[in-house]
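Following: one structure in structure tokens, then a few remarks.
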Amino acid sequence: MSLENQTLAVIDALNRHDFDALLPMFEEEAVLDLPDGIRVIGHASFRDTLAAYVLRHGITLSDHVVMTDGAGFRVAVECTLNGSDRHDAESGADGDAGPYALPAVLVLERERDLFTRLSLYAGTRP
């Protein structure tokens, strides 16, 4: 599968919140970096941390432009991160409740046929 098609499959799985479909696209010791500074390594932590982050914020990615390197090892995706944080009734934290759209970049690295890293960088809310 081409790097671009494999990247689109990752975005599709993320948007469907289908982490069981997403995980086989990554090596066992894959690295996950999230906008809030969290870094985890390994399938179990990768899946659980990404699922918690994506589901907590109701994240989907849209308006993506995929840019690959000539060697087929790295890809960057410029996109819009759509989310919806809700009022946290338990903690009483108001935060910035409601839907939002932020500029974001998704960076993936691949060795052979599997990704070894997923890093998500997002703009901040005004």
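By order in the structure tokens, chains are A, B, ...; within a chain, residues start at 1; ligands start at 1, following the order shown.
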Against range 60-78 of chain A, which residues of range 1-23 of chain A fall within 9 Å? For each one I want the closest pair of atoms and the distance in Å (one decimal), counting only C-alpha atoms, rows by chain and increasing residue number, as JSON lines.
{"residue": "A:Ser2", "atom": "CA", "partner": "A:Gly72", "partner_atom": "CA", "distance": 8.2}
{"residue": "A:Leu3", "atom": "CA", "partner": "A:Gly72", "partner_atom": "CA", "distance": 6.2}
{"residue": "A:Glu4", "atom": "CA", "partner": "A:Val66", "partner_atom": "CA", "distance": 6.7}
{"residue": "A:Thr7", "atom": "CA", "partner": "A:Val75", "partner_atom": "CA", "distance": 7.8}
{"residue": "A:Leu8", "atom": "CA", "partner": "A:Val66", "partner_atom": "CA", "distance": 8.3}
{"residue": "A:Ile11", "atom": "CA", "partner": "A:Leu61", "partner_atom": "CA", "distance": 7.0}
{"residue": "A:Asp12", "atom": "CA", "partner": "A:Leu61", "partner_atom": "CA", "distance": 8.7}
{"residue": "A:Leu14", "atom": "CA", "partner": "A:Thr60", "partner_atom": "CA", "distance": 6.9}
{"residue": "A:Asn15", "atom": "CA", "partner": "A:Thr60", "partner_atom": "CA", "distance": 4.8}
{"residue": "A:Arg16", "atom": "CA", "partner": "A:Thr60", "partner_atom": "CA", "distance": 8.1}
{"residue": "A:His17", "atom": "CA", "partner": "A:Thr60", "partner_atom": "CA", "distance": 8.4}
- Query: In range 2-41 of chain A, what's strand (DSSP E or B) per DSSP? Answer as number ranges by chain?
  - Reply: A: 26-33, 39-41
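Each of A:Gly98, A:Gly37, A:Pro24, A:Gly42 was compared to Gly58 in chain A using only C-alpha atoms, and A:Gly98 turns out to be the nearest.
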- Query: Asp33 in chain A: which residues within 12 Å, counting only C-alpha atoms, same-chain residues fewer than 3 positions away excluded, as a ChimeraX atom specification?
  - Reply: /A:30,36-42,45-46,49-50,53,105-108,116-122
- Task: Can you check which residues of chain A DSSP gives as alpha helix (DSSP H) on the backbone and send them as number ranges by chain?
- Result: A: 3-15, 19-22, 43-57
- Query: How far is it from CA of Ala104 in chain A to CA of Ala52 in chain A, in Å with one decimal?
  - Reply: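 Computed distance, CA of Ala104 in chain A to CA of Ala52 in chain A, equals 18.5 Å.
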Nearby residues (only C-alpha atoms) at most 12 Å from Ser84 in chain A, same-chain spacing under 6 positions excluded, as a PDB file with C-alpha atoms, in the first residue's frame:
ATOM      1  CA  TYR A  53      -7.705  11.425  24.035  1.00  0.00           C
ATOM      2  CA  VAL A  54      -9.807  11.113  20.868  1.00  0.00           C
ATOM      3  CA  LEU A  55     -12.984  10.079  22.662  1.00  0.00           C
ATOM      4  CA  ARG A  56     -12.617  12.632  25.498  1.00  0.00           C
ATOM      5  CA  HIS A  57     -12.390  15.443  22.962  1.00  0.00           C
ATOM      6  CA  GLY A  58     -14.710  13.948  20.314  1.00  0.00           C
ATOM      7  CA  ILE A  59     -11.943  14.380  17.734  1.00  0.00           C
ATOM      8  CA  THR A  60     -12.203  13.962  13.994  1.00  0.00           C
ATOM      9  CA  GLY A  95     -13.285  25.102  30.452  1.00  0.00           C
ATOM     10  CA  ASP A  96     -14.170  25.972  26.878  1.00  0.00           C
ATOM     11  CA  ALA A  97     -17.236  23.794  26.425  1.00  0.00           C
ATOM     12  CA  GLY A  98     -18.653  23.218  22.968  1.00  0.00           C
ATOM     13  CA  PRO A  99     -17.427  22.400  19.487  1.00  0.00           C
ATOM     14  CA  TYR A 100     -14.235  23.810  18.022  1.00  0.00           C
ATOM     15  CA  ALA A 101     -11.986  23.513  14.964  1.00  0.00           C
ATOM     16  CA  LEU A 102      -8.219  23.971  15.190  1.00  0.00           C
ATOM     17  CA  ARG A 125      -8.077  27.684  21.236  1.00  0.00           C
TER      18      ARG A 125
END
- Query: In Å to one decimal, how far is CA of Leu81 in chain A from CA of Ala21 in chain A?
  - Reply: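 Computed distance, CA of Ala21 in chain A to CA of Leu81 in chain A, equals 20.3 Å.
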